[in-house]
Amino acid sequence: MARVKKREKQRRRRRTSTGATTTTNATSAGQSPREGRVYSSSPSSSFSSSSKLSLIVWDVDGTLANTTTLAFEATNTVLKKHELPEISLEQYERGSKYTTPKRFSYHACGDSEGERELGEKLGASFDEYYVGLVTTETAGLFTGIRTIVERTKKTGGVRHAALSNACGEYARRVVTVNELDSIFEVSLGADDVSKAKPEPEGIRELCEKLNVDVSTAVYVGDAPSDGKAAKAAGCMFSIGVNWGSHDLSDASNKEHFDIVCETREELEQFFTMCGALVEL
């Protein structure tokens with residue numbers, strides 16, 4: 001736990017030193033709007049009278065829920081069990097853009113495609129162990145997320161779903177323990193779709209399942225692979241959030257998103273500007 005907190009502090013310092021606004025701690029409250037918000041296009045100009053946001057699709061880890069400690073420690077438990085070297089938090093974060101089997105191949109040999117059979121074996125072991133550890137303590141929502149979800153549903157009539165590169169059972173477990181299953185109409189993982197992120201098929205298949213035009217949906221995520229998938233799928237907006245495992249103030253990461261929000265309050269403000277969230 002101490003190693004995770006230390007790494008979070010280092011990441012905040014790194015973002016500040018590159019000129020980006022400092023992101024808040026995953027569970028801190030009282031966030032305020034910041035100058036670092038990036039819009040590649042204006043919401044008011046991008047929305048026409050005929051284009052109404054109908055669906056928000058959420059990534060799970062690092063976007064909806066604060067799961068870094070859980071995933072990092074569970075990963076090392078599995079690696080140790082199979083007599084492989086443990087990894088650092090930085091190595092875990094670099095690998096978190098991959099599906100679970102590819103991530104374990106990456107951790108085992110440094111190449112997400114280099115040890116496919118081993119990656120599948122370790123990934124299956126991880127899923128079996130990991131899903132059972134999900135609670136509100138280990139995978140609780142980031143501060144402010146519940147408010148955004150509930151208010152966009154209640155005041156804007158927006159539908160909600162989740163799409164993760166983890167297994168589907170895990171994604172559904174996180175949604176359920178956080179009591180969002182009455183709002184989220186479907187929660188899918190990499191094993192529920194034909195191709196995982198950064199490919200667009202998962203988003204398209206989820207939208208088809210809900211009978212939603214993908215051009216009226218937005219995808220919210222913290223990894224460059226999320227942004228790539230959303231843009232390739234044809235989403236209304238590809239929204240990046242800078243409180244997860246990836247530094248979206250870095251230009252090579254930021255380019256994959258239409259919008260990057262530093263705080264949950266900025267995300268809430270964006271949905272208000274889109275008309276998906278009505279001020280109370």
# chains A, B, ... in the order shown; residues from 1 in each chain; ligands from 1
$ residues_around --residues "A:Asp59" --least-positions-apart "3" --cutoff "8 Å" --atoms "only C-alpha atoms" --output "list in words"
Gly62, Thr63, Leu64, Ala162, Leu163, Ser164, Tyr219, Val220, Gly221, Asp222 and Asp226 of chain A
$ write_last_selection --atoms "N, CA and C atoms" --output "PDB file, in the first residue's frame"
ATOM      1  N   GLY A  62      -9.427   2.616 -12.987  1.00  0.00           N
ATOM      2  CA  GLY A  62      -8.800   3.915 -13.198  1.00  0.00           C
ATOM      3  C   GLY A  62      -9.729   4.976 -13.742  1.00  0.00           C
ATOM      4  N   THR A  63     -10.994   4.621 -13.972  1.00  0.00           N
ATOM      5  CA  THR A  63     -11.976   5.573 -14.493  1.00  0.00           C
ATOM      6  C   THR A  63     -13.186   5.633 -13.574  1.00  0.00           C
ATOM      7  N   LEU A  64     -13.896   4.525 -13.464  1.00  0.00           N
ATOM      8  CA  LEU A  64     -15.002   4.423 -12.512  1.00  0.00           C
ATOM      9  C   LEU A  64     -14.499   4.169 -11.105  1.00  0.00           C
ATOM     10  N   ALA A 162     -20.699  -0.285 -19.146  1.00  0.00           N
ATOM     11  CA  ALA A 162     -19.264  -0.369 -18.884  1.00  0.00           C
ATOM     12  C   ALA A 162     -18.620  -1.333 -19.862  1.00  0.00           C
ATOM     13  N   LEU A 163     -17.396  -1.011 -20.265  1.00  0.00           N
ATOM     14  CA  LEU A 163     -16.601  -1.893 -21.124  1.00  0.00           C
ATOM     15  C   LEU A 163     -15.169  -1.867 -20.626  1.00  0.00           C
ATOM     16  N   SER A 164     -14.688  -3.020 -20.175  1.00  0.00           N
ATOM     17  CA  SER A 164     -13.353  -3.130 -19.586  1.00  0.00           C
ATOM     18  C   SER A 164     -12.487  -4.091 -20.402  1.00  0.00           C
ATOM     19  N   TYR A 219     -17.355   7.541 -24.890  1.00  0.00           N
ATOM     20  CA  TYR A 219     -16.598   6.576 -24.090  1.00  0.00           C
ATOM     21  C   TYR A 219     -15.682   7.360 -23.171  1.00  0.00           C
ATOM     22  N   VAL A 220     -15.648   6.955 -21.902  1.00  0.00           N
ATOM     23  CA  VAL A 220     -14.813   7.627 -20.896  1.00  0.00           C
ATOM     24  C   VAL A 220     -13.778   6.635 -20.389  1.00  0.00           C
ATOM     25  N   GLY A 221     -12.496   6.980 -20.509  1.00  0.00           N
ATOM     26  CA  GLY A 221     -11.454   6.068 -20.058  1.00  0.00           C
ATOM     27  C   GLY A 221     -10.169   6.781 -19.689  1.00  0.00           C
ATOM     28  N   ASP A 222      -9.235   6.033 -19.106  1.00  0.00           N
ATOM     29  CA  ASP A 222      -7.981   6.640 -18.628  1.00  0.00           C
ATOM     30  C   ASP A 222      -6.767   6.193 -19.424  1.00  0.00           C
ATOM     31  N   ASP A 226      -8.202   3.313 -24.698  1.00  0.00           N
ATOM     32  CA  ASP A 226      -9.606   3.715 -24.599  1.00  0.00           C
ATOM     33  C   ASP A 226      -9.932   4.766 -25.662  1.00  0.00           C
TER      34      ASP A 226
END
$ closest_residue --among "A:Gly227, A:Gly114, A:Gly119, A:Gly275" --to "A:His256" --atoms "only C-alpha atoms"
A:Gly227
$ residues_around --residues "A:Leu122" --least-positions-apart "5" --cutoff "9 Å" --atoms "only C-alpha atoms" --output "JSON, numbers by chain"
{"A": [78, 79, 82, 100, 101, 104, 105, 117, 127]}
$ closest_residue --among "A:Lys209, A:His107, A:Lys80, A:Arg173" --to "A:Gly140" --atoms "only C-alpha atoms"
A:Arg173
$ residues_around --residues "A:Tyr170" --least-positions-apart "3" --cutoff "8 Å" --atoms "only C-alpha atoms" --output "MDAnalysis selection string"
chainID A and resid 127 130:131 134 166:167 173:174 189
$ write_last_selection --atoms "all heavy atoms" --output "compact mmCIF listing (two decimals), in the first residue's frame"
# COMPACT_ATOMS: atom_id res chain seq x y z
N ASP A 127 -7.65 -13.86 -12.88
CA ASP A 127 -9.10 -13.62 -12.87
C ASP A 127 -9.79 -14.40 -11.76
O ASP A 127 -10.67 -13.89 -11.06
CB ASP A 127 -9.71 -14.00 -14.23
CG ASP A 127 -9.35 -13.02 -15.33
OD1 ASP A 127 -8.93 -11.89 -15.01
OD2 ASP A 127 -9.50 -13.39 -16.51
N TYR A 130 -8.69 -12.60 -8.51
CA TYR A 130 -8.96 -11.16 -8.47
C TYR A 130 -10.43 -10.84 -8.23
O TYR A 130 -10.77 -9.99 -7.41
CB TYR A 130 -8.50 -10.61 -9.81
CG TYR A 130 -8.52 -9.14 -10.08
CD1 TYR A 130 -7.97 -8.21 -9.22
CD2 TYR A 130 -9.03 -8.67 -11.30
CE1 TYR A 130 -7.94 -6.87 -9.53
CE2 TYR A 130 -8.99 -7.33 -11.63
CZ TYR A 130 -8.44 -6.43 -10.74
OH TYR A 130 -8.41 -5.11 -11.07
N VAL A 131 -11.30 -11.52 -8.95
CA VAL A 131 -12.73 -11.23 -8.88
C VAL A 131 -13.26 -11.38 -7.46
O VAL A 131 -14.06 -10.57 -6.98
CB VAL A 131 -13.54 -12.12 -9.85
CG1 VAL A 131 -15.04 -11.93 -9.65
CG2 VAL A 131 -13.16 -11.81 -11.29
N VAL A 134 -12.97 -8.28 -4.95
CA VAL A 134 -13.64 -7.00 -5.23
C VAL A 134 -14.66 -6.67 -4.15
O VAL A 134 -15.61 -7.41 -3.90
CB VAL A 134 -14.34 -7.04 -6.60
CG1 VAL A 134 -15.14 -5.75 -6.82
CG2 VAL A 134 -13.32 -7.21 -7.71
N ALA A 166 -10.53 -5.97 -18.70
CA ALA A 166 -10.47 -7.10 -17.77
C ALA A 166 -11.59 -8.06 -18.16
O ALA A 166 -12.32 -7.83 -19.12
CB ALA A 166 -10.64 -6.61 -16.34
N CYS A 167 -11.74 -9.15 -17.42
CA CYS A 167 -12.79 -10.10 -17.77
C CYS A 167 -14.16 -9.53 -17.41
O CYS A 167 -14.29 -8.68 -16.53
CB CYS A 167 -12.55 -11.45 -17.08
SG CYS A 167 -12.76 -11.45 -15.28
N ARG A 173 -18.81 -7.40 -11.42
CA ARG A 173 -18.66 -7.43 -9.97
C ARG A 173 -18.41 -6.02 -9.41
O ARG A 173 -19.00 -5.63 -8.40
CB ARG A 173 -17.50 -8.36 -9.59
CG ARG A 173 -17.15 -8.41 -8.12
CD ARG A 173 -18.21 -9.09 -7.29
NE ARG A 173 -17.81 -9.18 -5.89
CZ ARG A 173 -18.64 -9.40 -4.90
NH1 ARG A 173 -19.92 -9.61 -5.13
NH2 ARG A 173 -18.22 -9.46 -3.65
N VAL A 174 -17.54 -5.25 -10.07
CA VAL A 174 -17.27 -3.89 -9.62
C VAL A 174 -18.54 -3.04 -9.67
O VAL A 174 -18.85 -2.30 -8.73
CB VAL A 174 -16.16 -3.23 -10.47
CG1 VAL A 174 -16.01 -1.76 -10.11
CG2 VAL A 174 -14.83 -3.95 -10.27
N GLY A 189 -16.64 -7.31 -20.56
CA GLY A 189 -15.19 -7.40 -20.46
C GLY A 189 -14.60 -7.85 -21.78
O GLY A 189 -15.32 -8.08 -22.77
$ atom_distance --atom1 "atom CA of A:Asp247" --atom2 "atom CA of A:Lys231"
18.9 Å
$ select_by_dssp --residues "stretch 57-183 of chain A" --states "helix (DSSP H, G or I)" --output "number ranges by chain"
A: 68-81, 89-95, 100-109, 116-133, 145-156, 168-177
$ select_by_dssp --residues "stretch 33-174 of chain A" --states "strand (DSSP E)" --output "list in words"
Val38, Tyr39, Leu55, Ile56, Val57, Trp58, Arg159, His160, Ala161, Ala162 and Leu163 of chain A
$ write_last_selection --atoms "C-alpha atoms" --output "PDB file, in the first residue's frame"
ATOM      1  CA  VAL A  38      -8.291  20.337 -22.825  1.00  0.00           C
ATOM      2  CA  TYR A  39     -11.059  20.464 -25.410  1.00  0.00           C
ATOM      3  CA  LEU A  55     -25.195   6.621 -23.800  1.00  0.00           C
ATOM      4  CA  ILE A  56     -22.090   6.951 -21.617  1.00  0.00           C
ATOM      5  CA  VAL A  57     -19.811   3.916 -21.785  1.00  0.00           C
ATOM      6  CA  TRP A  58     -17.317   3.771 -18.936  1.00  0.00           C
ATOM      7  CA  ARG A 159     -28.094   5.490 -20.372  1.00  0.00           C
ATOM      8  CA  HIS A 160     -24.966   3.893 -18.892  1.00  0.00           C
ATOM      9  CA  ALA A 161     -22.789   0.860 -19.604  1.00  0.00           C
ATOM     10  CA  ALA A 162     -19.264  -0.369 -18.884  1.00  0.00           C
ATOM     11  CA  LEU A 163     -16.601  -1.893 -21.124  1.00  0.00           C
TER      12      LEU A 163
END
$ closest_residue --among "A:Val60, A:Ala229, A:Val193, A:Ala276" --to "A:Val175" --atoms "only C-alpha atoms"
A:Val60
$ closest_residue --among "A:Ala190, A:Ile183, A:Val218, A:Val149" --to "A:Glu169" --atoms "only C-alpha atoms"
A:Ala190
$ atom_distance --atom1 "atom CA of A:Arg264" --atom2 "atom CA of A:Ile145"
6.8 Å
$ residues_around --residues "A:Pro198" --least-positions-apart "4" --cutoff "9 Å" --atoms "only C-alpha atoms" --output "list in words"
Lys97, Tyr98, Pro224, Ser225, Asp226, Gly227, Lys228, Ala229, Ala230 and Ala232 of chain A
$ closest_residue --among "A:Thr68, A:Gly156, A:Ala217, A:Val260" --to "A:Met273" --atoms "only C-alpha atoms"
A:Gly156
$ decode --residues "stretch 104-119 of chain A" --atoms "all heavy atoms" --output "mmCIF file, in the first residue's frame"
data_model
loop_
_atom_site.group_PDB
_atom_site.id
_atom_site.type_symbol
_atom_site.label_atom_id
_atom_site.label_comp_id
_atom_site.auth_asym_id
_atom_site.auth_seq_id
_atom_site.Cartn_x
_atom_site.Cartn_y
_atom_site.Cartn_z
ATOM 1 N N PHE A 104 -0.019 -10.056 -18.664
ATOM 2 C CA PHE A 104 0.864 -10.997 -17.977
ATOM 3 C C PHE A 104 2.002 -11.473 -18.872
ATOM 4 O O PHE A 104 3.109 -11.742 -18.385
ATOM 5 C CB PHE A 104 0.063 -12.176 -17.417
ATOM 6 C CG PHE A 104 -0.471 -11.899 -16.041
ATOM 7 C CD1 PHE A 104 -1.750 -11.409 -15.864
ATOM 8 C CD2 PHE A 104 0.334 -12.082 -14.920
ATOM 9 C CE1 PHE A 104 -2.238 -11.127 -14.588
ATOM 10 C CE2 PHE A 104 -0.137 -11.796 -13.645
ATOM 11 C CZ PHE A 104 -1.416 -11.317 -13.470
ATOM 12 N N SER A 105 1.773 -11.566 -20.164
ATOM 13 C CA SER A 105 2.865 -11.852 -21.088
ATOM 14 C C SER A 105 3.889 -10.729 -21.037
ATOM 15 O O SER A 105 5.103 -10.969 -20.984
ATOM 16 C CB SER A 105 2.328 -12.002 -22.519
ATOM 17 O OG SER A 105 3.385 -12.118 -23.448
ATOM 18 N N TYR A 106 3.381 -9.500 -21.007
ATOM 19 C CA TYR A 106 4.260 -8.330 -20.915
ATOM 20 C C TYR A 106 5.067 -8.346 -19.617
ATOM 21 O O TYR A 106 6.275 -8.095 -19.619
ATOM 22 C CB TYR A 106 3.408 -7.060 -21.005
ATOM 23 C CG TYR A 106 4.152 -5.783 -20.714
ATOM 24 C CD1 TYR A 106 5.007 -5.217 -21.656
ATOM 25 C CD2 TYR A 106 4.001 -5.127 -19.485
ATOM 26 C CE1 TYR A 106 5.690 -4.046 -21.390
ATOM 27 C CE2 TYR A 106 4.672 -3.956 -19.218
ATOM 28 C CZ TYR A 106 5.520 -3.416 -20.168
ATOM 29 O OH TYR A 106 6.207 -2.262 -19.893
ATOM 30 N N HIS A 107 4.411 -8.664 -18.503
ATOM 31 C CA HIS A 107 5.117 -8.700 -17.222
ATOM 32 C C HIS A 107 6.132 -9.845 -17.178
ATOM 33 O O HIS A 107 7.179 -9.727 -16.534
ATOM 34 C CB HIS A 107 4.119 -8.874 -16.075
ATOM 35 C CG HIS A 107 3.217 -7.694 -15.873
ATOM 36 N ND1 HIS A 107 3.622 -6.395 -16.088
ATOM 37 C CD2 HIS A 107 1.911 -7.623 -15.468
ATOM 38 C CE1 HIS A 107 2.616 -5.568 -15.827
ATOM 39 N NE2 HIS A 107 1.573 -6.295 -15.458
ATOM 40 N N ALA A 108 5.843 -10.943 -17.866
ATOM 41 C CA ALA A 108 6.724 -12.113 -17.820
ATOM 42 C C ALA A 108 7.962 -11.959 -18.690
ATOM 43 O O ALA A 108 9.052 -12.415 -18.310
ATOM 44 C CB ALA A 108 5.946 -13.364 -18.242
ATOM 45 N N CYS A 109 7.794 -11.306 -19.858
ATOM 46 C CA CYS A 109 8.942 -11.252 -20.786
ATOM 47 C C CYS A 109 9.185 -9.888 -21.406
ATOM 48 O O CYS A 109 10.108 -9.731 -22.205
ATOM 49 C CB CYS A 109 8.762 -12.297 -21.884
ATOM 50 S SG CYS A 109 7.446 -11.906 -23.072
ATOM 51 N N GLY A 110 8.338 -8.892 -21.085
ATOM 52 C CA GLY A 110 8.516 -7.560 -21.640
ATOM 53 C C GLY A 110 7.846 -7.356 -22.981
ATOM 54 O O GLY A 110 7.975 -6.301 -23.599
ATOM 55 N N ASP A 111 7.106 -8.370 -23.461
ATOM 56 C CA ASP A 111 6.439 -8.303 -24.755
ATOM 57 C C ASP A 111 5.032 -8.858 -24.589
ATOM 58 O O ASP A 111 4.851 -10.010 -24.186
ATOM 59 C CB ASP A 111 7.215 -9.130 -25.776
ATOM 60 C CG ASP A 111 6.619 -9.077 -27.179
ATOM 61 O OD1 ASP A 111 5.518 -8.538 -27.343
ATOM 62 O OD2 ASP A 111 7.278 -9.583 -28.114
ATOM 63 N N SER A 112 4.024 -8.051 -24.923
ATOM 64 C CA SER A 112 2.631 -8.477 -24.726
ATOM 65 C C SER A 112 2.243 -9.657 -25.607
ATOM 66 O O SER A 112 1.244 -10.331 -25.351
ATOM 67 C CB SER A 112 1.679 -7.302 -24.987
ATOM 68 O OG SER A 112 1.748 -6.896 -26.346
ATOM 69 N N GLU A 113 3.017 -9.914 -26.648
ATOM 70 C CA GLU A 113 2.743 -11.035 -27.545
ATOM 71 C C GLU A 113 3.777 -12.149 -27.424
ATOM 72 O O GLU A 113 3.655 -13.183 -28.076
ATOM 73 C CB GLU A 113 2.719 -10.535 -29.006
ATOM 74 C CG GLU A 113 1.690 -9.457 -29.290
ATOM 75 C CD GLU A 113 0.271 -9.999 -29.310
ATOM 76 O OE1 GLU A 113 0.102 -11.238 -29.328
ATOM 77 O OE2 GLU A 113 -0.672 -9.182 -29.305
ATOM 78 N N GLY A 114 4.779 -11.954 -26.580
ATOM 79 C CA GLY A 114 5.918 -12.877 -26.540
ATOM 80 C C GLY A 114 5.669 -14.206 -25.863
ATOM 81 O O GLY A 114 6.310 -15.210 -26.182
ATOM 82 N N GLU A 115 4.761 -14.236 -24.892
ATOM 83 C CA GLU A 115 4.483 -15.460 -24.137
ATOM 84 C C GLU A 115 2.968 -15.660 -24.050
ATOM 85 O O GLU A 115 2.363 -15.573 -22.989
ATOM 86 C CB GLU A 115 5.083 -15.366 -22.728
ATOM 87 C CG GLU A 115 6.598 -15.396 -22.683
ATOM 88 C CD GLU A 115 7.151 -16.800 -22.907
ATOM 89 O OE1 GLU A 115 6.355 -17.761 -22.992
ATOM 90 O OE2 GLU A 115 8.385 -16.933 -22.996
ATOM 91 N N ARG A 116 2.356 -15.945 -25.195
ATOM 92 C CA ARG A 116 0.896 -16.019 -25.244
ATOM 93 C C ARG A 116 0.334 -17.125 -24.351
ATOM 94 O O ARG A 116 -0.618 -16.913 -23.607
ATOM 95 C CB ARG A 116 0.433 -16.235 -26.679
ATOM 96 C CG ARG A 116 0.638 -15.027 -27.579
ATOM 97 C CD ARG A 116 -0.067 -15.205 -28.898
ATOM 98 N NE ARG A 116 0.111 -14.044 -29.767
ATOM 99 C CZ ARG A 116 -0.477 -13.914 -30.955
ATOM 100 N NH1 ARG A 116 -1.267 -14.882 -31.400
ATOM 101 N NH2 ARG A 116 -0.278 -12.839 -31.677
ATOM 102 N N GLU A 117 0.918 -18.295 -24.430
ATOM 103 C CA GLU A 117 0.406 -19.424 -23.647
ATOM 104 C C GLU A 117 0.553 -19.156 -22.157
ATOM 105 O O GLU A 117 -0.365 -19.400 -21.369
ATOM 106 C CB GLU A 117 1.147 -20.700 -24.037
ATOM 107 C CG GLU A 117 0.575 -21.951 -23.380
ATOM 108 C CD GLU A 117 1.209 -23.230 -23.884
ATOM 109 O OE1 GLU A 117 1.833 -23.219 -24.972
ATOM 110 O OE2 GLU A 117 1.097 -24.255 -23.185
ATOM 111 N N LEU A 118 1.717 -18.653 -21.759
ATOM 112 C CA LEU A 118 1.943 -18.317 -20.352
ATOM 113 C C LEU A 118 1.018 -17.193 -19.919
ATOM 114 O O LEU A 118 0.463 -17.210 -18.808
ATOM 115 C CB LEU A 118 3.398 -17.917 -20.136
ATOM 116 C CG LEU A 118 3.791 -17.494 -18.697
ATOM 117 C CD1 LEU A 118 3.524 -18.628 -17.715
ATOM 118 C CD2 LEU A 118 5.260 -17.058 -18.654
ATOM 119 N N GLY A 119 0.842 -16.193 -20.799
ATOM 120 C CA GLY A 119 -0.048 -15.081 -20.485
ATOM 121 C C GLY A 119 -1.473 -15.540 -20.240
ATOM 122 O O GLY A 119 -2.143 -15.074 -19.314
#
